[in-house]
Amino acid sequence: MAAAPPAVAVDGGMAAAKVASQAYLETKAVKDTRVLIADLCKQFYSLGWVSGTGGSITIKAHDDSIPKRQQLILMSTSGVQKERMEPEDISLQGHGYYDELVVPIIENTAYENELTDSLAKAIEAYPKTTAVLVRKHGIYIWGDSWISAKTQVEDDLKQGIDGAVPIPTDDAGNEEVIAALVANVEEMIKADRKITALKQLQVSIQKHKVGSYVEKYENNELEGVVYGDVPEALEKWHALGIKVYIYSSGSGLAQRLIFGKTNYGHLRKSLSGFFDTKVGNKKETHSYIEISESLGVNKPSDILFLTDVFQEAVAAKAAGLEVMISIRPGNTPLPDDQIFKTITSFAEI
């Protein structure tokens, strides 16, 4: 077997791994840091720098009276909406100042699929790592996507959703766990589930394929395709000061790529922002309420929502938005008794 890959490490000791004393947690440094992180989360959210649960703020609770090996790094807690973050929500059990983090390094290759062997050896040599650096290229990080998928499965089982398969317990073998995860993901795909966990997993897979989406767009191998009436309409609305946002089941990254390079050129300059399933399922009313609140409109009806999916139109209307349905080739037929205004071109708006 080849020698283990080199690794980088943050010098550390074991003292930081110990649970901090209650007295330390009550110091002014820790309390002030918690308040600061909560305030910054709200400010960054209002500025649009982070989404509700996206991103994180981490600050060391610096106190000269506390030995450095016992000082903690505080961080905003995952899963808590940034705009609603409170000091008591801040996690106090993060990485210690002197904790050691080991990240193996592997050599880059001409094609990503040639990294497989060296990546596998790095993971085998450093089983506790969750990242591998590729020299002069970038980093592979894993963990969130499959955990999100597993969490989604657990929620599906609770709700009795068809096709959900229980995930084996920790004492089961890896093959059983993987097989259950694959079965659940396949069912999600077959059902065309518009859920964040599935989209995150799909984006993660695409990032690790030979020639990622980003690279293909940059190399002009891929381009977004829009109807001919779209560019002119976007340009007109932008000139009039009308803000246009995209809400898609595709990730925000995918949306930016698609509109950044289309068959009609760069259209992202005419767009004000992007929403994906992090705000919720597109067929659920609360998703549109969340969007309305985040945009800060006086009333939901100030927003015109355009869609080609009837169920989305119903959900948006229930949230108070104005709705039009765009009729395009290949659309699913609308119910005979539907009441929404329909258009066949953005020029009709």
# chains A, B, ... in the order shown; residues from 1 in each chain; ligands from 1

$ residues_around --residues "A:Ser76" --least-positions-apart "6" --cutoff "7 Å" --atoms "only C-alpha atoms" --output "JSON, numbers by chain"
{"A": [37, 56, 57, 58, 90, 91]}

$ write_last_selection --atoms "N, CA, C and O atoms" --output "CSV table (one decimal), in the first residue's frame"
chain,number,residue,atom,x,y,z
A,37,ILE,N,-22.4,37.9,18.1
A,37,ILE,CA,-22.7,37.0,17.0
A,37,ILE,C,-24.2,37.1,16.6
A,37,ILE,O,-24.6,37.1,15.4
A,56,SER,N,-22.4,31.0,8.4
A,56,SER,CA,-22.2,30.9,9.8
A,56,SER,C,-21.2,32.0,10.3
A,56,SER,O,-20.4,32.4,9.5
A,57,ILE,N,-21.3,32.4,11.5
A,57,ILE,CA,-20.4,33.4,12.1
A,57,ILE,C,-19.7,32.8,13.3
A,57,ILE,O,-20.4,32.3,14.2
A,58,THR,N,-18.4,32.8,13.3
A,58,THR,CA,-17.7,32.2,14.4
A,58,THR,C,-16.7,33.2,14.9
A,58,THR,O,-15.9,33.9,14.2
A,90,ILE,N,-26.5,30.7,20.6
A,90,ILE,CA,-25.1,30.5,20.1
A,90,ILE,C,-24.5,29.3,20.7
A,90,ILE,O,-24.5,29.1,21.9
A,91,SER,N,-23.8,28.5,19.9
A,91,SER,CA,-23.2,27.2,20.4
A,91,SER,C,-22.0,27.5,21.1
A,91,SER,O,-21.1,28.3,20.7

$ select_by_dssp --residues "stretch 250-340 of chain A" --states "helix (DSSP H, G or I)" --output "JSON, numbers by chain"
{"A": [252, 253, 254, 255, 256, 257, 258, 259, 260, 268, 269, 270, 277, 278, 279, 285, 286, 287, 288, 289, 290, 291, 292, 293, 294, 295, 300, 301, 302, 310, 311, 312, 313, 314, 315, 316, 317, 318]}

$ write_last_selection --atoms "N, CA and C atoms" --output "JSON list (two decimals), in the first residue's frame"
[["chain", "number", "residue", "atom", "x", "y", "z"],
["A", 252, "GLY", "N", -29.54, 27.85, -5.71],
["A", 252, "GLY", "CA", -29.18, 29.22, -6.06],
["A", 252, "GLY", "C", -27.97, 29.25, -6.97],
["A", 253, "LEU", "N", -27.00, 28.35, -6.73],
["A", 253, "LEU", "CA", -25.82, 28.28, -7.58],
["A", 253, "LEU", "C", -26.21, 27.92, -9.01],
["A", 254, "ALA", "N", -27.07, 26.92, -9.17],
["A", 254, "ALA", "CA", -27.50, 26.51, -10.50],
["A", 254, "ALA", "C", -28.22, 27.66, -11.22],
["A", 255, "GLN", "N", -29.04, 28.39, -10.49],
["A", 255, "GLN", "CA", -29.77, 29.51, -11.09],
["A", 255, "GLN", "C", -28.79, 30.58, -11.59],
["A", 256, "ARG", "N", -27.78, 30.88, -10.78],
["A", 256, "ARG", "CA", -26.80, 31.90, -11.18],
["A", 256, "ARG", "C", -26.03, 31.47, -12.43],
["A", 257, "LEU", "N", -25.71, 30.19, -12.50],
["A", 257, "LEU", "CA", -25.01, 29.69, -13.68],
["A", 257, "LEU", "C", -25.88, 29.79, -14.93],
["A", 258, "ILE", "N", -27.14, 29.38, -14.79],
["A", 258, "ILE", "CA", -28.05, 29.36, -15.93],
["A", 258, "ILE", "C", -28.26, 30.76, -16.49],
["A", 259, "PHE", "N", -28.55, 31.74, -15.61],
["A", 259, "PHE", "CA", -28.84, 33.09, -16.09],
["A", 259, "PHE", "C", -27.57, 33.91, -16.35],
["A", 260, "GLY", "N", -26.44, 33.41, -15.88],
["A", 260, "GLY", "CA", -25.18, 34.10, -16.15],
["A", 260, "GLY", "C", -24.66, 33.84, -17.55],
["A", 268, "ARG", "N", -28.14, 37.81, -15.86],
["A", 268, "ARG", "CA", -28.17, 37.93, -14.40],
["A", 268, "ARG", "C", -28.18, 39.39, -13.94],
["A", 269, "LYS", "N", -27.67, 40.28, -14.79],
["A", 269, "LYS", "CA", -27.61, 41.70, -14.42],
["A", 269, "LYS", "C", -29.01, 42.29, -14.25],
["A", 270, "SER", "N", -30.02, 41.64, -14.84],
["A", 270, "SER", "CA", -31.39, 42.14, -14.74],
["A", 270, "SER", "C", -32.15, 41.51, -13.59],
["A", 277, "THR", "N", -35.29, 25.99, -2.65],
["A", 277, "THR", "CA", -36.13, 25.28, -1.70],
["A", 277, "THR", "C", -35.68, 25.43, -0.25],
["A", 278, "LYS", "N", -34.64, 26.22, 0.00],
["A", 278, "LYS", "CA", -34.28, 26.51, 1.39],
["A", 278, "LYS", "C", -35.39, 27.31, 2.07],
["A", 279, "VAL", "N", -36.18, 28.04, 1.28],
["A", 279, "VAL", "CA", -37.31, 28.77, 1.87],
["A", 279, "VAL", "C", -38.54, 27.88, 1.99],
["A", 285, "THR", "N", -47.75, 26.94, 0.79],
["A", 285, "THR", "CA", -48.05, 28.36, 0.97],
["A", 285, "THR", "C", -47.01, 29.08, 1.82],
["A", 286, "HIS", "N", -46.52, 28.42, 2.86],
["A", 286, "HIS", "CA", -45.60, 29.11, 3.77],
["A", 286, "HIS", "C", -44.32, 29.55, 3.06],
["A", 287, "SER", "N", -43.96, 28.89, 1.96],
["A", 287, "SER", "CA", -42.77, 29.28, 1.22],
["A", 287, "SER", "C", -42.92, 30.68, 0.65],
["A", 288, "TYR", "N", -44.09, 30.98, 0.16],
["A", 288, "TYR", "CA", -44.34, 32.29, -0.45],
["A", 288, "TYR", "C", -44.52, 33.37, 0.62],
["A", 289, "ILE", "N", -45.01, 32.97, 1.77],
["A", 289, "ILE", "CA", -45.06, 33.91, 2.90],
["A", 289, "ILE", "C", -43.66, 34.29, 3.31],
["A", 290, "GLU", "N", -42.78, 33.30, 3.37],
["A", 290, "GLU", "CA", -41.37, 33.54, 3.72],
["A", 290, "GLU", "C", -40.72, 34.49, 2.72],
["A", 291, "ILE", "N", -40.98, 34.28, 1.43],
["A", 291, "ILE", "CA", -40.40, 35.14, 0.40],
["A", 291, "ILE", "C", -40.93, 36.57, 0.53],
["A", 292, "SER", "N", -42.23, 36.71, 0.75],
["A", 292, "SER", "CA", -42.84, 38.03, 0.89],
["A", 292, "SER", "C", -42.21, 38.79, 2.05],
["A", 293, "GLU", "N", -42.03, 38.09, 3.17],
["A", 293, "GLU", "CA", -41.45, 38.73, 4.36],
["A", 293, "GLU", "C", -39.99, 39.12, 4.12],
["A", 294, "SER", "N", -39.26, 38.26, 3.43],
["A", 294, "SER", "CA", -37.85, 38.55, 3.19],
["A", 294, "SER", "C", -37.66, 39.72, 2.22],
["A", 295, "LEU", "N", -38.60, 39.92, 1.30],
["A", 295, "LEU", "CA", -38.50, 41.02, 0.34],
["A", 295, "LEU", "C", -38.97, 42.35, 0.94],
["A", 300, "PRO", "N", -48.34, 41.25, 0.43],
["A", 300, "PRO", "CA", -47.98, 40.19, -0.51],
["A", 300, "PRO", "C", -48.46, 40.45, -1.94],
["A", 301, "SER", "N", -49.59, 41.12, -2.07],
["A", 301, "SER", "CA", -50.14, 41.35, -3.41],
["A", 301, "SER", "C", -49.29, 42.31, -4.24],
["A", 302, "ASP", "N", -48.26, 42.92, -3.62],
["A", 302, "ASP", "CA", -47.33, 43.75, -4.37],
["A", 302, "ASP", "C", -46.42, 42.89, -5.25],
["A", 310, "PHE", "N", -49.58, 24.60, -11.88],
["A", 310, "PHE", "CA", -50.84, 24.99, -11.26],
["A", 310, "PHE", "C", -50.76, 24.95, -9.73],
["A", 311, "GLN", "N", -50.18, 23.89, -9.17],
["A", 311, "GLN", "CA", -50.11, 23.75, -7.71],
["A", 311, "GLN", "C", -49.31, 24.89, -7.08],
["A", 312, "GLU", "N", -48.29, 25.35, -7.78],
["A", 312, "GLU", "CA", -47.51, 26.49, -7.28],
["A", 312, "GLU", "C", -48.35, 27.76, -7.30],
["A", 313, "ALA", "N", -49.13, 27.92, -8.34],
["A", 313, "ALA", "CA", -50.00, 29.08, -8.44],
["A", 313, "ALA", "C", -51.00, 29.12, -7.28],
["A", 314, "VAL", "N", -51.56, 27.96, -6.95],
["A", 314, "VAL", "CA", -52.52, 27.87, -5.84],
["A", 314, "VAL", "C", -51.86, 28.25, -4.52],
["A", 315, "ALA", "N", -50.66, 27.74, -4.29],
["A", 315, "ALA", "CA", -49.95, 28.02, -3.04],
["A", 315, "ALA", "C", -49.59, 29.49, -2.92],
["A", 316, "ALA", "N", -49.12, 30.10, -4.01],
["A", 316, "ALA", "CA", -48.75, 31.51, -3.99],
["A", 316, "ALA", "C", -49.96, 32.40, -3.78],
["A", 317, "LYS", "N", -51.07, 32.06, -4.43],
["A", 317, "LYS", "CA", -52.31, 32.83, -4.27],
["A", 317, "LYS", "C", -52.80, 32.78, -2.83],
["A", 318, "ALA", "N", -52.67, 31.61, -2.20],
["A", 318, "ALA", "CA", -53.10, 31.46, -0.81],
["A", 318, "ALA", "C", -52.27, 32.32, 0.12]]

$ atom_distance --atom1 "atom CA of A:Thr307" --atom2 "atom CA of A:Ser249"
12.2 Å

$ atom_distance --atom1 "atom CA of A:Arg84" --atom2 "atom CA of A:Ile242"
28.6 Å
